[in-house]
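A.B. asks: Take a look at coords.txt, compact mmCIF, C-alpha atoms:
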# COMPACT_ATOMS: atom_id res chain seq x y z
CA MET A 176 0.00 0.00 0.00
CA LYS A 177 2.75 2.42 0.95
CA PHE A 178 4.66 1.65 -2.25
CA ARG A 179 1.59 2.46 -4.35
CA VAL A 180 1.22 5.79 -2.60
CA ILE A 181 4.88 6.68 -3.17
CA LYS A 182 4.67 5.56 -6.80
CA GLY A 183 1.57 7.65 -7.31
CA ILE A 184 3.25 10.75 -5.88
CA ILE A 185 6.31 10.26 -8.10
CA LEU A 186 4.21 9.80 -11.24
CA LYS A 187 2.13 12.85 -10.36
CA ASP A 188 5.27 15.00 -9.89
CA LEU A 189 6.79 13.76 -13.15
CA LYS A 190 3.61 14.61 -15.08
CA GLU A 191 3.62 18.11 -13.62
CA LEU A 192 7.34 18.45 -14.33
CA ARG A 193 6.89 17.78 -18.05
CA GLY A 194 5.19 21.11 -18.43
CA GLU A 195 7.96 23.02 -16.64
CA LYS A 196 10.72 23.35 -19.22
CA MET A 197 12.97 25.46 -16.99
CA ALA A 198 12.72 22.92 -14.19
CA LEU A 199 13.62 20.13 -16.62
CA PHE A 200 16.66 22.14 -17.74
CA TRP A 201 17.99 22.73 -14.23
CA ILE A 202 17.35 19.19 -13.03
CA PHE A 203 18.54 17.15 -16.03
CA ILE A 204 20.32 19.27 -18.65
CA PHE A 205 22.37 21.52 -16.38
CA PRO A 206 24.15 18.63 -14.55
CA LEU A 207 25.14 17.19 -17.95
CA MET A 208 26.58 20.56 -18.97
CA TRP A 209 28.41 20.63 -15.63
CA ILE A 210 29.99 17.24 -16.36
CA THR A 211 31.07 18.35 -19.84
CA LEU A 212 32.59 21.58 -18.54
CA PHE A 213 34.66 20.03 -15.78
CA GLY A 214 35.56 17.05 -17.93
CA THR A 215 37.04 19.45 -20.47
CA MET A 216 38.93 21.39 -17.81
CA TRP A 217 40.35 18.52 -15.74
CA GLY A 218 39.46 15.33 -17.52
CA GLY A 219 42.68 14.69 -19.44
CA GLU A 220 46.26 14.38 -18.28
CA SER A 221 48.36 17.51 -18.77
CA PRO A 222 51.60 16.98 -20.69
CA PRO A 223 54.87 17.93 -18.98
CA ILE A 224 55.74 21.60 -19.28
CA THR A 225 58.94 23.06 -20.69
CA VAL A 226 60.43 25.95 -18.71
CA ASP A 227 62.24 28.68 -20.63
CA VAL A 228 65.36 29.35 -18.58
CA GLY A 229 67.98 32.00 -19.14
CA VAL A 230 71.47 31.11 -17.88
CA VAL A 231 74.48 33.29 -17.19
CA TYR A 232 77.92 31.79 -16.52
CA THR A 233 81.60 32.21 -17.25
CA ASN A 234 83.93 29.64 -18.77
CA GLU A 235 86.29 27.98 -16.31
CA SER A 236 89.03 25.37 -16.49
CA ALA A 237 87.79 23.36 -13.49
CA PRO A 238 86.95 19.65 -13.93
CA PHE A 239 83.22 20.33 -13.49
CA THR A 240 81.76 23.76 -14.22
CA ALA A 241 78.51 25.60 -14.85
CA TYR A 242 78.83 24.64 -18.51
CA ASP A 243 78.40 20.98 -17.54
CA ILE A 244 75.28 21.72 -15.48
CA VAL A 245 73.79 23.74 -18.34
CA LYS A 246 74.49 20.81 -20.65
CA ILE A 247 72.62 18.51 -18.27
CA MET A 248 69.71 20.96 -18.16
CA ARG A 249 69.46 20.87 -21.94
CA ASN A 250 69.16 17.08 -21.91
CA VAL A 251 66.79 16.55 -18.98
CA THR A 252 63.52 15.06 -20.21
CA LEU A 253 60.24 13.98 -18.67
CA GLU A 254 58.02 11.68 -20.71
CA GLU A 255 60.16 12.46 -23.78
CA THR A 256 59.64 16.20 -23.27
CA ASN A 257 62.56 18.52 -22.55
CA LEU A 258 62.17 20.00 -19.10
CA PHE A 259 64.13 23.15 -19.96
CA ASN A 260 64.54 25.36 -22.97
CA VAL A 261 67.91 26.91 -22.11
CA LEU A 262 68.86 30.33 -23.45
CA GLU A 263 72.33 31.73 -22.75
CA PHE A 264 72.86 35.41 -21.92
CA LYS A 265 76.11 37.35 -21.81
CA ASP A 266 75.33 39.12 -18.55
CA GLU A 267 72.87 39.13 -15.67
CA SER A 268 71.18 42.41 -16.59
CA SER A 269 70.15 41.27 -20.08
CA ALA A 270 68.80 38.01 -18.66
CA LEU A 271 66.75 39.85 -16.04
CA GLU A 272 65.38 42.18 -18.71
CA ALA A 273 64.19 39.16 -20.69
CA LEU A 274 62.57 37.79 -17.53
CA LYS A 275 60.77 41.06 -16.82
CA SER A 276 59.45 41.24 -20.38
CA GLY A 277 58.10 37.68 -20.19
CA LYS A 278 60.42 36.19 -22.80
CA ILE A 279 61.71 33.59 -20.32
CA ASP A 280 60.33 32.01 -17.15
CA ALA A 281 63.41 32.05 -14.92
CA VAL A 282 67.05 33.10 -14.74
CA VAL A 283 69.90 30.99 -13.38
CA VAL A 284 73.14 32.82 -12.63
CA PHE A 285 76.36 30.92 -11.93
CA PRO A 286 78.78 33.44 -10.41
CA LYS A 287 82.46 33.53 -11.26
CA GLY A 288 84.40 30.75 -9.54
CA PHE A 289 81.41 28.42 -9.35
CA GLY A 290 83.23 25.45 -10.86
CA THR A 291 86.40 26.05 -8.85
CA ASN A 292 84.49 26.14 -5.58
CA LEU A 293 82.42 23.10 -6.49
CA THR A 294 85.38 20.88 -7.36
CA SER A 295 87.57 22.02 -4.47
CA GLY A 296 85.13 21.02 -1.74
CA ARG A 297 83.81 24.51 -1.02
CA GLN A 298 80.25 25.78 -1.32
CA ALA A 299 79.23 26.89 -4.79
CA ARG A 300 76.39 29.38 -5.03
CA VAL A 301 73.69 29.65 -7.68
CA TYR A 302 71.33 32.61 -7.97
CA LEU A 303 67.77 31.96 -9.15
CA TYR A 304 65.40 34.66 -10.37
CA PHE A 305 61.65 34.19 -10.90
CA ASP A 306 58.74 36.40 -11.91
CA LYS A 307 56.22 36.29 -9.05
CA SER A 308 53.53 38.39 -10.73
CA ASP A 309 51.53 35.21 -11.42
CA PRO A 310 51.55 33.08 -8.23
CA GLN A 311 50.47 29.91 -10.04
CA ASP A 312 53.16 30.16 -12.73
CA TYR A 313 55.72 31.02 -10.07
CA GLN A 314 54.91 27.89 -8.08
CA ILE A 315 55.23 25.68 -11.16
CA VAL A 316 58.40 27.25 -12.56
CA SER A 317 60.20 27.56 -9.23
CA GLY A 318 59.23 24.00 -8.34
CA VAL A 319 60.75 22.64 -11.55
CA VAL A 320 63.97 24.66 -11.32
CA LYS A 321 64.52 24.11 -7.59
CA GLY A 322 63.66 20.44 -7.98
CA PHE A 323 66.34 20.07 -10.64
CA PHE A 324 69.03 21.66 -8.49
CA GLY A 325 67.87 19.66 -5.48
CA GLU A 326 68.44 16.42 -7.38
CA MET A 327 71.78 17.70 -8.68
CA GLU A 328 72.86 18.48 -5.14
CA LYS A 329 71.93 14.98 -3.96
CA GLU A 330 73.88 13.36 -6.77
CA MET A 331 76.96 15.50 -6.12
CA ARG A 332 76.76 14.68 -2.42
CA ARG A 333 76.73 10.96 -3.18
CA ARG A 334 79.70 11.26 -5.52
CA ARG A 335 81.70 13.22 -2.96
CA ILE A 336 81.03 10.53 -0.38
CA GLU A 337 82.21 7.85 -2.80
CA MET A 338 85.43 9.80 -3.43
CA GLN A 339 86.00 10.24 0.31
CA LEU A 340 85.49 6.52 0.84
CA GLU A 341 88.10 5.73 -1.78
CA TYR A 342 90.62 7.91 0.04
CA MET A 343 89.67 6.37 3.37
CA GLU A 344 90.25 2.87 2.06
CA LEU A 345 93.72 3.90 0.91
CA TYR A 346 94.87 6.00 3.86
CA LEU A 347 92.83 4.98 6.91
CA PRO A 348 95.04 2.88 9.22
CA LYS A 349 94.13 -0.80 9.18
CA TRP A 350 94.31 -1.05 12.96
CA VAL A 351 91.53 1.55 13.29
CA ILE A 352 89.26 -0.49 11.03
CA ALA A 353 90.07 -3.68 12.93
CA GLU A 354 89.70 -2.17 16.41
CA TYR A 355 86.29 -0.67 15.74
CA ASN A 356 85.15 -3.54 13.52
CA LEU A 357 84.38 -1.22 10.64
CA THR A 358 83.58 -2.04 7.04
CA THR A 359 83.44 0.19 4.00
CA GLU A 360 79.70 -0.37 3.72
CA MET A 361 79.14 0.67 7.35
CA ILE A 362 81.15 3.86 6.84
CA ARG A 363 79.22 4.58 3.63
CA GLU A 364 75.88 4.19 5.42
CA TYR A 365 76.93 6.53 8.24
CA MET A 366 78.22 9.15 5.82
CA LEU A 367 75.09 8.99 3.67
CA ALA A 368 72.92 9.29 6.77
CA SER A 369 74.85 12.33 7.98
CA ALA A 370 74.54 14.00 4.57
CA GLU A 371 70.89 13.04 4.06
CA PRO A 372 69.22 12.13 7.38
CA ILE A 373 65.74 11.71 5.92
CA VAL A 374 65.02 10.07 2.58
CA VAL A 375 61.59 10.81 1.17
CA GLU A 376 60.30 8.39 -1.45
CA GLU A 377 57.18 9.13 -3.45
CA LYS A 378 54.81 6.21 -3.97
CA GLU A 379 52.07 6.28 -6.58
CA VAL A 380 48.54 5.30 -5.64
CA GLU A 381 45.70 5.22 -8.14
CA GLY A 382 42.67 6.57 -6.35
CA LYS A 383 39.08 5.93 -7.30
CA THR A 384 37.61 8.49 -9.66
CA ALA A 385 33.93 9.28 -9.84
CA THR A 386 32.04 7.81 -12.77
CA PRO A 387 29.88 10.09 -14.96
CA ILE A 388 26.77 8.63 -13.33
CA GLN A 389 28.08 9.37 -9.83
CA PHE A 390 29.01 12.89 -10.87
CA TYR A 391 25.59 13.38 -12.44
CA VAL A 392 23.79 12.14 -9.33
CA THR A 393 25.88 14.46 -7.15
CA SER A 394 25.09 17.41 -9.39
CA PHE A 395 21.43 16.43 -9.44
CA ILE A 396 21.29 16.36 -5.64
CA GLY A 397 23.07 19.71 -5.51
CA ILE A 398 20.54 21.31 -7.85
CA GLN A 399 17.67 19.85 -5.84
CA PHE A 400 19.20 21.26 -2.66
CA LEU A 401 19.57 24.64 -4.35
CA PHE A 402 15.91 24.75 -5.31
CA ALA A 403 14.89 23.58 -1.84
CA THR A 404 16.71 26.49 -0.22
CA MET A 405 15.08 28.94 -2.63
CA LEU A 406 11.57 27.85 -1.75
Any chance you could put this one into structure tokens?

C.D. replies:
Amino acid sequence: MKFRVIKGIILKDLKELRGEKMALFWIFIFPLMWITLFGTMWGGESPPITVDVGVVYTNESAPFTAYDIVKIMRNVTLEETNLFNVLEFKDESSALEALKSGKIDAVVVFPKGFGTNLTSGRQARVYLYFDKSDPQDYQIVSGVVKGFFGEMEKEMRRRRIEMQLEYMELYLPKWVIAEYNLTTEMIREYMLASAEPIVVEEKEVEGKTATPIQFYVTSFIGIQFLFATML
């Protein structure tokens, strides 16, 4: 009996609804338009971006210089897309002018003596310039550039540790190794831990995405709620 009453009410409302074209639009057509709009905006995967980077450096005779880093930047790819489009500038002022005019996205300046400091065990500085007028672009561009140099720094740190271990194996007294029961692998682990105490690894998880029907139902409920609050 109760089911018949509910069915009768539903059929009655649907018959009345057929004459209300605007109501039909907001209840059925508008959610479909909503799905199409957001599907167009966020439905597909965005391809990797290429950052236009201006670089300024001087030629040096050190074993590893800014030239080598710039060469690496030119060849870094993500999903077969070059991460950087590198443009060389003669001086810092011309590079900054190009950044201000929007011709490039960032400027990387390697000061004089960069390669010498880097290969002699001293700190080597790099100056990064970004245009912060668009916060979203700034976050993307700075994230890519800083991420690159962060990975470069990690790799250089590992190589330095390997070089130090080679010297230790040659010159560290054997009695010290025997007395403290040390091995090369143990020393390597301690040195890596001191240089990089926390290692963060990113793991990929494929989350559940809403189906078109679920999205439609959600939109439908939202529209119904909107009309209910207007009454």

A.B. asks: Skipping near chain neighbours, those fewer than 3 positions away, what residues fall within 12 Å of Ser295 in chain A using only C-alpha atoms, listed as JSON, numbers by chain?

C.D. replies: {"A": [237, 238, 239, 240, 288, 289, 290, 291, 292, 298, 299, 335]}

A.B. asks: Could you jot down the CA of Arg300 in chain A to CA of Phe285 in chain A separation for me, Å, one decimal place?

C.D. replies: 7.1 Å

A.B. asks: I'd like the neighbourhood of Glu364 in chain A as a ChimeraX atom specification, where a residue qualifies if any of its atoms comes within 12 Å (using all atoms listed in the file), though same-chain residues fewer than 6 positions away should be ignored.

C.D. replies: /A:333,336-337,340,357-358,370-372

A.B. asks: Compare A:Leu347, A:Glu255, A:Asn356, A:Gly277 by their minimum atom-to-atom distance to Asp309 in chain A, counting only C-alpha atoms, and give me the closest one.

C.D. replies: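 Answer, going by the shortest atom-to-atom distance: A:Gly277.
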
A.B. asks: What is the distance between CA of Leu274 in chain A and CA of Ile244 in chain A, in Å to one decimal?

C.D. replies: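 Taking CA of Leu274 in chain A as the start and CA of Ile244 in chain A as the end point, the length is 20.6 Å.
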
A.B. asks: Would you mind listing what lies within 7 Å of Glu263 in chain A as an NGL selection string, with only C-alpha atoms counted and same-chain residues fewer than 4 positions away left out?

C.D. replies: :A and (229-231)

A.B. asks: Please indicate the distance in Å from CA of Glu267 in chain A to CA of Ile279 in chain A, rounded to one decimal place.

C.D. replies: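 CA of Glu267 in chain A sits 13.3 Å away from CA of Ile279 in chain A.
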
A.B. asks: Which one is closest to Phe324 in chain A: A:Pro348, A:Leu253, A:Val301, A:Leu258? Count only C-alpha atoms.

C.D. replies: A:Val301

A.B. asks: Have a look at A:Leu345, A:Glu354, A:Leu293, A:Phe305 and name the one nearest to Val319 in chain A; count only C-alpha atoms.

C.D. replies: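 Ranked by minimum distance to Val319 in chain A, first place goes to A:Phe305.
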
A.B. asks: Could you tell me which of A:Ala273, A:Ile224, A:Met327, A:Leu303 comes closest to Met248 in chain A if we count only C-alpha atoms?

C.D. replies: A:Met327

A.B. asks: With all atoms listed in the file as the basis for distance, which of A:Thr359, A:Gln314, A:Gln339, A:Thr294 is at the shortest distance from Glu235 in chain A?

C.D. replies: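 Closest to Glu235 in chain A, using all atoms listed in the file: A:Thr294.
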
A.B. asks: Of the residues A:Gly296, A:Lys278, A:Val284, A:Tyr313, which is the one nearest to Val245 in chain A, using all atoms listed in the file?

C.D. replies: A:Val284

A.B. asks: Would you kindly return, as a list of chain:residue names, each protein, DNA or RNA residue with an atom no farther than 9 Å from any atom of Val228 in chain A, considering all atoms listed in the file and excluding same-chain residues fewer than 6 positions away?

C.D. replies: A:Phe259, A:Asn260, A:Val261, A:Leu262, A:Glu263, A:Leu274, A:Ile279, A:Asp280, A:Ala281, A:Val282, A:Val283, A:Val320
